[in-house]
Amino acid sequence: MAAFPRKILVIQVSRIGDTLFAIPAIRAIATACPDAQITVLGHPNRADVFKHLPFITEIGSIEKRRSWLKGWFSGKSYDLAFVFGFDEALVAYALRISSKVVAFQQSVESLNRKLYRMVERPAFQSEHAVKQLLRLPAAMGWQADGLRVAFQVTAEESTAAKQLLQVEIGSNAGFLVGLQVASFHTKAYRDWPVESFADLAKKIHQYRPDAHFLIFGGKDEQERTTWLHQQLDGCSTHLAGRLSLRQTAACMSLTQLYVGVDTGPTHIMSAFDIPMLALYHCLSPSSLTGPLEHPVCAAVDHPHAAGGCSDASSMSDINVDYVFQRIVELLEQQSAKLRIPA
């Protein structure tokens with residue numbers, strides 16, 4: 001482009017994880033165009049993850065199925081647009097409202113001919129999701145400014161989370177451990193058995209008698225999270241189904257350790273400098289979706305990640321004792337860092 005764009009649109013309509021994975025690419029765009037106004041459109045239920053990030057000017061929402069109704073009469077409101085994902089309706093919408101559009105190759109050739117930069121669609125599971133999305137700013141010659149996702153908890157949100165935990169736990173909160181036991185229902189094969197979470201929590205409690213467990217999750221997994229809460233009677237707080245996305249993130253940011261399966265809250269947790277252990281099924285190994293550039297993280301992959309994997313590969317194959325040992329190593333690593341003089 002002859003001059004840097006002044007108004008840039010970014011569209012990422014997806015689940016929480018993929019929404020977060022776009023943030024390093026958005027940061028790369030903002031770094032390359034520091035004077036630009038950057039508007040980001042996300043899914044109505046997920047756009048909140050973009051709130052308060054300093055490199056985003058404005059946040060809105062859009063739905064794939066309704067995007068064909070929009071942008072017909074508004075003219076070219078943006079100098080440049082980036083469309084993450086492979087949704088033709090969103091690319092068509094961006095072409096209506098932006099002078100230039102950068103997107104992945106679409107199946108409709110008439111759309112591809114209109115793109116300012118067309119990025120070849122990567123082979124399935126050929127690289128980490130963050131690196132895949134960074135291909136779009138790279139098509140403009142703009143380099144990554146870090147690979148780590150970002151999430152900004154405000155001071156007000158942190159204060160509200162502290163007040164909530166004060167009411168729920170009292171003044172003796174101890175060593176807070178966050179637990180996320182379930183992914184979304186269509187990916188249930190990613191879930192480590194809740195019995196394994198219970199066994200692990202008891203081992204952690206023996207190791208840290210002051211441990212108190214915050215059980216996160218949605219309404220769909222109430223049966224499992226309630227059972228786990230009962231197993232950890234006296235040392236757990238059941239938050240599943242009670243909090244918004246941002247309230248959950250604020251509470252997670254107050255923990256000293258987090259253990260979770262491969263799902264949205266775990267991806268949010270990777271934005272915080274807090275020891276975390278994430279569990280990955282072999283169909284979606286940590287090499288594709290695991291935290292990048294996190295200072296104290298252990299990613300535990302299913303044993304079949306090296307081969308022989310199917311959706312029948314059970315997460316119960318991940319040994320509780322092994323996970324516990326990795327957690328001990330994480331906590332010792334964190335303690336060593338804290339002992340290093342400034």
# chains A, B, ... in the order shown; residues from 1 in each chain; ligands from 1
call {"tool": "select_by_dssp", "arguments": {"residues": "stretch 79-325 of chain A", "states": "strand (DSSP E or B)", "output": "PyMOL selection string"}}
result
chain A and resi 80-83+98+101-104+117-119+175-180+211-216+236-238+257-261+276-280+297-301
call {"tool": "residues_around", "arguments": {"residues": "A:Arg66", "least_positions_apart": "5", "cutoff": "12 Å", "atoms": "only C-alpha atoms", "output": "ChimeraX atom specification"}}
result
/A:43-44,61,71,89-90,92-93
call {"tool": "residues_around", "arguments": {"residues": "A:Ala312", "least_positions_apart": "4", "cutoff": "12 Å", "atoms": "only C-alpha atoms", "output": "PyMOL selection string"}}
result
chain A and resi 187-191+281-283+302+304+308+316-317
call {"tool": "write_last_selection", "arguments": {"atoms": "N, CA and C atoms", "output": "PDB file, in the first residue's frame"}}
result
ATOM      1  N   LYS A 187     -17.066 -31.690  21.813  1.00  0.00           N
ATOM      2  CA  LYS A 187     -15.678 -32.148  21.896  1.00  0.00           C
ATOM      3  C   LYS A 187     -15.440 -32.879  23.219  1.00  0.00           C
ATOM      4  N   ALA A 188     -16.422 -33.648  23.651  1.00  0.00           N
ATOM      5  CA  ALA A 188     -16.337 -34.300  24.958  1.00  0.00           C
ATOM      6  C   ALA A 188     -15.173 -35.271  25.051  1.00  0.00           C
ATOM      7  N   TYR A 189     -14.668 -35.747  23.919  1.00  0.00           N
ATOM      8  CA  TYR A 189     -13.525 -36.662  23.972  1.00  0.00           C
ATOM      9  C   TYR A 189     -12.279 -35.977  24.536  1.00  0.00           C
ATOM     10  N   ARG A 190     -12.273 -34.641  24.598  1.00  0.00           N
ATOM     11  CA  ARG A 190     -11.148 -33.909  25.175  1.00  0.00           C
ATOM     12  C   ARG A 190     -11.146 -33.934  26.703  1.00  0.00           C
ATOM     13  N   ASP A 191     -12.226 -34.373  27.308  1.00  0.00           N
ATOM     14  CA  ASP A 191     -12.383 -34.246  28.759  1.00  0.00           C
ATOM     15  C   ASP A 191     -11.632 -35.341  29.508  1.00  0.00           C
ATOM     16  N   HIS A 281      -6.074 -33.740  24.105  1.00  0.00           N
ATOM     17  CA  HIS A 281      -6.368 -34.985  23.404  1.00  0.00           C
ATOM     18  C   HIS A 281      -5.483 -35.071  22.165  1.00  0.00           C
ATOM     19  N   CYS A 282      -5.234 -36.285  21.713  1.00  0.00           N
ATOM     20  CA  CYS A 282      -4.322 -36.471  20.582  1.00  0.00           C
ATOM     21  C   CYS A 282      -4.888 -35.952  19.260  1.00  0.00           C
ATOM     22  N   LEU A 283      -6.213 -35.776  19.146  1.00  0.00           N
ATOM     23  CA  LEU A 283      -6.776 -35.201  17.928  1.00  0.00           C
ATOM     24  C   LEU A 283      -6.517 -33.703  17.829  1.00  0.00           C
ATOM     25  N   HIS A 302      -2.065 -36.452  25.223  1.00  0.00           N
ATOM     26  CA  HIS A 302      -2.472 -37.855  25.266  1.00  0.00           C
ATOM     27  C   HIS A 302      -1.337 -38.710  24.700  1.00  0.00           C
ATOM     28  N   HIS A 304      -1.294 -41.039  22.683  1.00  0.00           N
ATOM     29  CA  HIS A 304      -1.428 -41.361  21.265  1.00  0.00           C
ATOM     30  C   HIS A 304      -1.124 -40.180  20.353  1.00  0.00           C
ATOM     31  N   GLY A 308      -1.598 -43.301  16.142  1.00  0.00           N
ATOM     32  CA  GLY A 308      -2.654 -44.222  16.547  1.00  0.00           C
ATOM     33  C   GLY A 308      -3.840 -43.558  17.210  1.00  0.00           C
ATOM     34  N   SER A 316      -8.570 -40.864  29.807  1.00  0.00           N
ATOM     35  CA  SER A 316      -8.218 -41.586  31.035  1.00  0.00           C
ATOM     36  C   SER A 316      -6.840 -42.229  30.928  1.00  0.00           C
ATOM     37  N   ASP A 317      -6.306 -42.298  29.706  1.00  0.00           N
ATOM     38  CA  ASP A 317      -4.960 -42.846  29.517  1.00  0.00           C
ATOM     39  C   ASP A 317      -3.876 -41.921  30.083  1.00  0.00           C
TER      40      ASP A 317
END
call {"tool": "closest_residue", "arguments": {"among": "A:Ala201, A:Val102, A:Leu330, A:Leu95", "to": "A:Met140", "atoms": "only C-alpha atoms"}}
result
A:Val102
call {"tool": "closest_residue", "arguments": {"among": "A:Gln247, A:Gln132, A:Gln222, A:Gln333", "to": "A:Leu164", "atoms": "only C-alpha atoms"}}
result
A:Gln247
call {"tool": "select_by_dssp", "arguments": {"residues": "stretch 34-180 of chain A", "states": "alpha helix (DSSP H)", "output": "count of residues only"}}
result
40
call {"tool": "residues_around", "arguments": {"residues": "A:Arg46", "least_positions_apart": "6", "cutoff": "9 Å", "atoms": "only C-alpha atoms", "output": "number ranges by chain"}}
result
A: 13-16, 19, 61, 245
call {"tool": "write_last_selection", "arguments": {"atoms": "all heavy atoms", "output": "compact mmCIF listing (two decimals), in the first residue's frame"}}
result
# COMPACT_ATOMS: atom_id res chain seq x y z
N VAL A 13 -14.95 -14.35 13.85
CA VAL A 13 -16.19 -14.88 14.42
C VAL A 13 -15.98 -16.37 14.65
O VAL A 13 -16.00 -17.17 13.71
CB VAL A 13 -17.39 -14.63 13.48
CG1 VAL A 13 -18.67 -15.19 14.10
CG2 VAL A 13 -17.54 -13.14 13.22
N SER A 14 -15.74 -16.73 15.90
CA SER A 14 -15.40 -18.12 16.21
C SER A 14 -15.61 -18.37 17.69
O SER A 14 -16.12 -17.53 18.42
CB SER A 14 -13.95 -18.39 15.81
OG SER A 14 -13.66 -19.76 15.89
N ARG A 15 -15.18 -19.55 18.13
CA ARG A 15 -15.24 -19.90 19.55
C ARG A 15 -14.18 -19.14 20.32
O ARG A 15 -13.32 -18.45 19.74
CB ARG A 15 -15.08 -21.41 19.73
CG ARG A 15 -16.25 -22.22 19.18
CD ARG A 15 -16.14 -23.68 19.55
NE ARG A 15 -17.30 -24.44 19.10
CZ ARG A 15 -18.44 -24.55 19.79
NH1 ARG A 15 -18.56 -23.94 20.96
NH2 ARG A 15 -19.44 -25.26 19.32
N ILE A 16 -14.21 -19.27 21.64
CA ILE A 16 -13.30 -18.49 22.49
C ILE A 16 -11.85 -18.72 22.12
O ILE A 16 -11.06 -17.79 21.98
CB ILE A 16 -13.54 -18.82 23.98
CG1 ILE A 16 -14.93 -18.37 24.42
CG2 ILE A 16 -12.48 -18.13 24.85
CD1 ILE A 16 -15.31 -18.80 25.82
N THR A 19 -10.90 -17.19 18.83
CA THR A 19 -10.95 -15.74 19.00
C THR A 19 -9.67 -15.24 19.65
O THR A 19 -9.06 -14.25 19.20
CB THR A 19 -12.18 -15.35 19.85
OG1 THR A 19 -13.37 -15.81 19.19
CG2 THR A 19 -12.26 -13.85 20.04
N SER A 61 -19.81 -6.65 17.24
CA SER A 61 -20.13 -8.05 17.02
C SER A 61 -20.84 -8.21 15.68
O SER A 61 -21.44 -7.29 15.15
CB SER A 61 -21.00 -8.60 18.15
OG SER A 61 -22.25 -7.92 18.20
N LEU A 245 -18.17 -14.77 31.20
CA LEU A 245 -16.83 -15.05 30.68
C LEU A 245 -15.79 -14.17 31.36
O LEU A 245 -14.75 -14.65 31.82
CB LEU A 245 -16.82 -14.84 29.16
CG LEU A 245 -15.54 -15.13 28.39
CD1 LEU A 245 -15.88 -15.54 26.96
CD2 LEU A 245 -14.62 -13.91 28.34
call {"tool": "residues_around", "arguments": {"residues": "stretch 144-158 of chain A", "least_positions_apart": "6", "cutoff": "9 Å", "atoms": "only C-alpha atoms", "output": "ChimeraX atom specification"}}
result
/A:20-25,27-29,31,49-54,130-131,134,137-138,246-247,249-251,253-254,267-272,291-294
call {"tool": "closest_residue", "arguments": {"among": "A:Val10, A:Ile327, A:Leu200, A:Leu243", "to": "A:Ile56", "atoms": "only C-alpha atoms"}}
result
A:Val10
call {"tool": "closest_residue", "arguments": {"among": "A:His128, A:Arg224, A:Lys337, A:Arg121", "to": "A:Val194", "atoms": "only C-alpha atoms"}}
result
A:Arg224
call {"tool": "closest_residue", "arguments": {"among": "A:Gly234, A:Pro285, A:Gly60, A:Gly260", "to": "A:Val177", "atoms": "only C-alpha atoms"}}
result
A:Gly260
call {"tool": "residues_around", "arguments": {"residues": "stretch 324-326 of chain A", "least_positions_apart": "6", "cutoff": "8 Å", "atoms": "only C-alpha atoms", "output": "ChimeraX atom specification"}}
result
/A:200,203-204,277,298
call {"tool": "write_last_selection", "arguments": {"atoms": "all heavy atoms", "output": "compact mmCIF listing (two decimals), in the first residue's frame"}}
result
# COMPACT_ATOMS: atom_id res chain seq x y z
N LEU A 200 -6.50 -36.06 41.52
CA LEU A 200 -5.43 -35.08 41.43
C LEU A 200 -5.57 -34.01 42.51
O LEU A 200 -4.59 -33.63 43.17
CB LEU A 200 -5.43 -34.43 40.05
CG LEU A 200 -4.41 -33.30 39.85
CD1 LEU A 200 -2.99 -33.85 39.89
CD2 LEU A 200 -4.67 -32.56 38.53
N LYS A 203 -4.38 -35.14 45.81
CA LYS A 203 -2.91 -35.17 45.88
C LYS A 203 -2.35 -33.76 46.07
O LYS A 203 -1.41 -33.55 46.85
CB LYS A 203 -2.34 -35.80 44.61
CG LYS A 203 -2.56 -37.30 44.49
CD LYS A 203 -1.98 -37.84 43.19
CE LYS A 203 -2.18 -39.34 43.09
NZ LYS A 203 -1.41 -40.09 44.11
N ILE A 204 -2.93 -32.81 45.36
CA ILE A 204 -2.49 -31.42 45.52
C ILE A 204 -2.75 -30.94 46.94
O ILE A 204 -1.92 -30.26 47.55
CB ILE A 204 -3.21 -30.50 44.51
CG1 ILE A 204 -2.78 -30.85 43.08
CG2 ILE A 204 -2.93 -29.03 44.81
CD1 ILE A 204 -3.55 -30.12 42.00
N LEU A 277 -1.35 -26.06 34.04
CA LEU A 277 -1.19 -27.33 33.36
C LEU A 277 -2.43 -27.57 32.52
O LEU A 277 -3.55 -27.49 33.03
CB LEU A 277 -0.96 -28.47 34.34
CG LEU A 277 -0.71 -29.83 33.68
CD1 LEU A 277 0.34 -30.62 34.44
CD2 LEU A 277 -2.01 -30.66 33.58
N ALA A 298 2.85 -26.30 31.71
CA ALA A 298 3.08 -27.68 31.28
C ALA A 298 1.90 -28.11 30.42
O ALA A 298 0.75 -27.99 30.84
CB ALA A 298 3.23 -28.60 32.49
call {"tool": "closest_residue", "arguments": {"among": "A:Pro209, A:Pro122, A:Glu58, A:Ala30", "to": "A:Gln143", "atoms": "only C-alpha atoms"}}
result
A:Ala30
